[in-house]
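Some notes on the structure that comes next.
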Amino acid sequence: LIKTDLDFEFYWVGATTPPLHRFSLLKDIRQLIQTDKRVVFTGKVSREEAMKYTSMADIYLLPSRREGCAISLLEAMRTGAIPIVAEYDISNKEIVSEAQNGFVINHRDIGGYVKVIRDIINGKRDCSQLYRNSYDYYKENLTEGVWTRRMMDIIVLPANHNTRNKIITEKDIKDSVKVLLKKGHYAEMKNIPRENIVPGLSFNWQFLLSKLGIQ
């Protein structure tokens with residue numbers, strides 16, 4: 001985006017500490033990004049202040065791969081921001097419908113992210129309908145009242161308990177807990193290289209290229 005002449009304000013809300021920062025030359029993501037008045041790094045802020053940024057945003061960018069259901073995504077849609085998310089198999093794909101209430105883009109397709117943002121800024125997308133669809137989805141599916149009612153239906157309705165008791169035994173529950181714990185531990189071990197080592201090396205490589213004037 002910085003390489004374009006687009007008229008935008010980009011707010012990076014939250015920490016800018018890269019993976020493996022204690023062992024690398026790159027200590028802060030800001031070292032990779034040239035100074036540009038269109039880009040603002042807020043640092044860590046309170047939830048109230050973060051909500052102020054999402055409430056004034058037209059676009060909400062979430063390329064995260066690990067957040068099961070990002071509260072910030074819900075808060076952005078609460079004010080009708082257009083969410084642009086990665087294609088990982090987390091709640092993003094359940095909440096965001098491509099070109100309906102937002103956009104789902106492959107995490108490797110940097111050009112795809114830039115193109116969608118460019119099209120929104122330049123008016124090549126029907127933003128008014130996207131804003132409305134984003135807000136409507138939040139109102140119909142993600143408000144506290146809706147979640148509470150659906151959770152209470154699962155917990156309270158006798159029909160749900162009767163059906164469950166006929167199908168699931170106490171042994172099934174214990175076995176399921178063991179499997180979940182095992183899978184959770186495996187997932188964490190699997191994520192160490194994917195979430196820390198590989199990105200950390202990539203950030204340092206980009207940092208070295210920038211210092212050499214190659215990028």
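Identifiers in the structure tokens: chain A, B, ... in order shown; residue index from 1 per chain; ligand index from 1 in order shown.
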*asked:* From a backbone DSSP assignment, name each residue in range 27-158 of chain A labelled strand (DSSP E or B), as a list in words.
replied: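 Restricting range 27-158 of chain A to strand (DSSP E or B) produces Val39, Val40, Phe41, Thr42, Gly43, Ile59, Tyr60, Leu61, Leu62, Ile82, Pro83, Ile84, Val85, Ala86, Glu98, Gly102, Phe103, Val104 and Ile105 of chain A.
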Output N, CA and C atoms of each residue in that selection to a file, as a tab-separated table (two decimals), in the first residue's frame.
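Writing done, so here's selection.tsv:
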```tsv
chain	number	residue	atom	x	y	z
A	39	VAL	N	0.48	5.96	7.48
A	39	VAL	CA	0.52	4.79	8.36
A	39	VAL	C	0.77	5.23	9.80
A	40	VAL	N	-0.10	4.80	10.70
A	40	VAL	CA	0.00	5.17	12.11
A	40	VAL	C	0.10	3.91	12.95
A	41	PHE	N	1.13	3.83	13.79
A	41	PHE	CA	1.27	2.72	14.73
A	41	PHE	C	0.81	3.21	16.10
A	42	THR	N	-0.23	2.59	16.62
A	42	THR	CA	-0.79	3.05	17.90
A	42	THR	C	-0.09	2.44	19.10
A	43	GLY	N	0.59	1.30	18.90
A	43	GLY	CA	1.10	0.55	20.03
A	43	GLY	C	-0.04	-0.12	20.77
A	59	ILE	N	-12.46	-0.08	6.50
A	59	ILE	CA	-11.94	-1.41	6.19
A	59	ILE	C	-11.27	-1.96	7.44
A	60	TYR	N	-11.48	-3.25	7.68
A	60	TYR	CA	-10.81	-3.92	8.80
A	60	TYR	C	-9.99	-5.08	8.23
A	61	LEU	N	-8.69	-5.06	8.43
A	61	LEU	CA	-7.78	-6.07	7.87
A	61	LEU	C	-7.34	-7.03	8.96
A	62	LEU	N	-7.61	-8.34	8.74
A	62	LEU	CA	-7.26	-9.37	9.72
A	62	LEU	C	-6.66	-10.58	9.01
A	82	ILE	N	-15.81	-3.00	6.54
A	82	ILE	CA	-15.69	-4.11	5.59
A	82	ILE	C	-14.51	-4.98	6.03
A	83	PRO	N	-14.74	-6.23	6.45
A	83	PRO	CA	-13.63	-7.08	6.88
A	83	PRO	C	-12.93	-7.75	5.71
A	84	ILE	N	-11.60	-7.73	5.75
A	84	ILE	CA	-10.78	-8.46	4.79
A	84	ILE	C	-9.93	-9.43	5.59
A	85	VAL	N	-10.16	-10.73	5.42
A	85	VAL	CA	-9.53	-11.73	6.27
A	85	VAL	C	-8.82	-12.79	5.43
A	86	ALA	N	-7.94	-13.55	6.09
A	86	ALA	CA	-7.23	-14.65	5.43
A	86	ALA	C	-8.13	-15.88	5.36
A	98	GLU	N	-17.39	-14.10	0.92
A	98	GLU	CA	-16.66	-13.42	-0.13
A	98	GLU	C	-17.55	-12.49	-0.95
A	102	GLY	N	-17.79	-8.89	3.06
A	102	GLY	CA	-16.35	-8.71	3.23
A	102	GLY	C	-15.61	-9.53	2.19
A	103	PHE	N	-14.32	-9.80	2.46
A	103	PHE	CA	-13.51	-10.52	1.49
A	103	PHE	C	-12.60	-11.52	2.20
A	104	VAL	N	-12.46	-12.71	1.60
A	104	VAL	CA	-11.59	-13.76	2.11
A	104	VAL	C	-10.49	-13.98	1.08
A	105	ILE	N	-9.23	-13.75	1.47
A	105	ILE	CA	-8.12	-13.76	0.52
A	105	ILE	C	-7.02	-14.70	1.02
```
*asked:* Let me make sure I understand: among A:His21, A:Pro63, A:Gly145, A:Ile214, which one has the smallest atom-to-atom distance to Ile110 in chain A if we use only C-alpha atoms?
replied: A:Pro63
*What are the DSSP helix (DSSP H, G or I) residues of range 2-215 of chain A, as a PyMOL selection string?*
chain A and resi 21-23+29-32+47-55+71-78+91-95+110-121+127-142+144-156+158-167+170-211
With C-alpha atoms retained, write the just-selected residues as a CSV table (one decimal), in the first residue's frame.
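Saved to part.csv:
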```csv
chain,number,residue,atom,x,y,z
A,21,HIS,CA,12.8,-10.7,18.3
A,22,ARG,CA,15.1,-11.6,21.2
A,23,PHE,CA,17.4,-13.5,18.9
A,29,ILE,CA,8.1,-4.4,12.7
A,30,ARG,CA,8.3,-0.7,12.2
A,31,GLN,CA,11.9,-1.1,11.2
A,32,LEU,CA,10.7,-2.8,8.0
A,47,ARG,CA,-10.0,-2.0,24.5
A,48,GLU,CA,-12.0,1.2,24.7
A,49,GLU,CA,-9.4,3.1,22.5
A,50,ALA,CA,-9.1,0.1,20.1
A,51,MET,CA,-12.9,0.3,19.6
A,52,LYS,CA,-12.6,3.9,18.7
A,53,TYR,CA,-10.3,3.0,15.8
A,54,THR,CA,-12.6,0.2,14.6
A,55,SER,CA,-15.6,2.5,14.9
A,71,ILE,CA,-13.4,-10.1,19.1
A,72,SER,CA,-11.9,-7.2,17.1
A,73,LEU,CA,-13.5,-8.7,14.0
A,74,LEU,CA,-16.9,-8.6,15.7
A,75,GLU,CA,-16.3,-5.1,17.0
A,76,ALA,CA,-15.4,-3.9,13.5
A,77,MET,CA,-18.5,-5.4,11.9
A,78,ARG,CA,-20.6,-3.9,14.7
A,91,SER,CA,-14.2,-18.5,12.3
A,92,ASN,CA,-13.2,-15.9,9.6
A,93,LYS,CA,-14.5,-18.1,6.9
A,94,GLU,CA,-17.8,-18.8,8.7
A,95,ILE,CA,-18.4,-15.1,9.4
A,110,ILE,CA,-0.4,-9.8,-1.0
A,111,GLY,CA,-1.4,-8.4,-4.4
A,112,GLY,CA,-4.9,-9.7,-3.8
A,113,TYR,CA,-5.2,-7.7,-0.5
A,114,VAL,CA,-3.8,-4.6,-2.2
A,115,LYS,CA,-6.2,-4.9,-5.1
A,116,VAL,CA,-9.3,-5.2,-3.0
A,117,ILE,CA,-8.3,-2.3,-0.8
A,118,ARG,CA,-7.5,-0.2,-3.9
A,119,ASP,CA,-10.9,-1.1,-5.5
A,120,ILE,CA,-12.7,-0.1,-2.3
A,121,ILE,CA,-10.8,3.2,-2.0
A,127,CYS,CA,-19.2,-0.3,-0.6
A,128,SER,CA,-22.6,0.9,0.7
A,129,GLN,CA,-24.0,-2.6,0.3
A,130,LEU,CA,-20.9,-4.2,1.8
A,131,TYR,CA,-21.2,-1.9,4.8
A,132,ARG,CA,-24.8,-2.7,5.3
A,133,ASN,CA,-24.2,-6.5,4.9
A,134,SER,CA,-21.4,-6.4,7.4
A,135,TYR,CA,-23.5,-4.6,10.0
A,136,ASP,CA,-26.6,-6.7,9.3
A,137,TYR,CA,-24.6,-10.0,9.8
A,138,TYR,CA,-23.3,-8.7,13.1
A,139,LYS,CA,-26.8,-7.7,14.2
A,140,GLU,CA,-28.4,-11.0,13.2
A,141,ASN,CA,-25.7,-13.4,14.4
A,142,LEU,CA,-23.0,-11.8,16.6
A,144,GLU,CA,-24.5,-10.5,22.9
A,145,GLY,CA,-28.2,-11.2,23.0
A,146,VAL,CA,-28.1,-13.6,20.0
A,147,TRP,CA,-25.2,-15.5,21.4
A,148,THR,CA,-26.7,-15.7,24.9
A,149,ARG,CA,-30.0,-17.0,23.5
A,150,ARG,CA,-28.4,-19.7,21.4
A,151,MET,CA,-26.1,-20.8,24.2
A,152,MET,CA,-29.0,-21.0,26.7
A,153,ASP,CA,-30.9,-23.1,24.2
A,154,ILE,CA,-28.1,-25.6,24.1
A,155,ILE,CA,-27.7,-25.6,27.9
A,156,VAL,CA,-31.3,-25.4,29.0
A,158,PRO,CA,-34.5,-30.6,27.7
A,159,ALA,CA,-34.6,-31.9,24.2
A,160,ASN,CA,-30.9,-31.3,23.7
A,161,HIS,CA,-30.1,-33.1,27.0
A,162,ASN,CA,-32.3,-36.1,26.2
A,163,THR,CA,-30.7,-36.5,22.7
A,164,ARG,CA,-27.2,-36.1,24.1
A,165,ASN,CA,-27.7,-38.6,26.9
A,166,LYS,CA,-29.0,-41.2,24.5
A,167,ILE,CA,-25.9,-40.9,22.3
A,170,GLU,CA,-19.5,-40.7,30.4
A,171,LYS,CA,-16.7,-42.8,28.9
A,172,ASP,CA,-17.2,-41.0,25.5
A,173,ILE,CA,-16.8,-37.7,27.2
A,174,LYS,CA,-13.6,-38.7,29.0
A,175,ASP,CA,-12.1,-40.2,25.9
A,176,SER,CA,-13.0,-37.0,23.9
A,177,VAL,CA,-11.3,-34.8,26.6
A,178,LYS,CA,-8.1,-36.9,26.3
A,179,VAL,CA,-8.1,-36.6,22.5
A,180,LEU,CA,-8.7,-32.8,22.6
A,181,LEU,CA,-5.8,-32.4,25.1
A,182,LYS,CA,-3.5,-34.5,23.0
A,183,LYS,CA,-4.5,-32.7,19.8
A,184,GLY,CA,-4.1,-29.3,21.5
A,185,HIS,CA,-0.6,-30.2,22.6
A,186,TYR,CA,0.3,-31.5,19.1
A,187,ALA,CA,-1.1,-28.3,17.5
A,188,GLU,CA,1.0,-26.1,19.8
A,189,MET,CA,4.2,-28.1,19.0
A,190,LYS,CA,3.3,-27.9,15.3
A,191,ASN,CA,2.8,-24.2,15.4
A,192,ILE,CA,6.1,-23.4,17.0
A,193,PRO,CA,8.1,-23.5,13.7
A,194,ARG,CA,5.1,-22.2,11.6
A,195,GLU,CA,4.2,-19.3,13.9
A,196,ASN,CA,7.7,-18.3,15.2
A,197,ILE,CA,10.7,-19.7,13.4
A,198,VAL,CA,9.6,-19.3,9.8
A,199,PRO,CA,8.1,-15.8,10.2
A,200,GLY,CA,11.1,-14.8,12.3
A,201,LEU,CA,13.5,-15.8,9.6
A,202,SER,CA,11.4,-14.2,6.9
A,203,PHE,CA,11.2,-10.9,8.8
A,204,ASN,CA,15.0,-10.9,9.3
A,205,TRP,CA,15.6,-11.7,5.6
A,206,GLN,CA,13.4,-8.7,4.6
A,207,PHE,CA,15.2,-6.5,7.1
A,208,LEU,CA,18.6,-7.4,5.7
A,209,LEU,CA,17.4,-6.8,2.1
A,210,SER,CA,16.1,-3.4,3.2
A,211,LYS,CA,19.4,-2.5,4.8
```
*Kindly give the distance, in Å, that separates CA of Gly14 in chain A and CA of Ser64 in chain A, rounded to a single decimal.*
13.1 Å
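Note that CA of Asp28 in chain A and CA of Thr16 in chain A are 5.7 Å apart.
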*What is the distance, in Å and to one decimal place, between CA of Asp58 in chain A and CA of Val96 in chain A?*
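One can read the CA of Asp58 in chain A to CA of Val96 in chain A distance as 15.5 Å.
Of the residues under consideration (A:Val45, A:Ser97, A:Arg125, A:Thr143), A:Val45 shows the shortest atom-to-atom contact distance to Trp12 in chain A when counting only C-alpha atoms.
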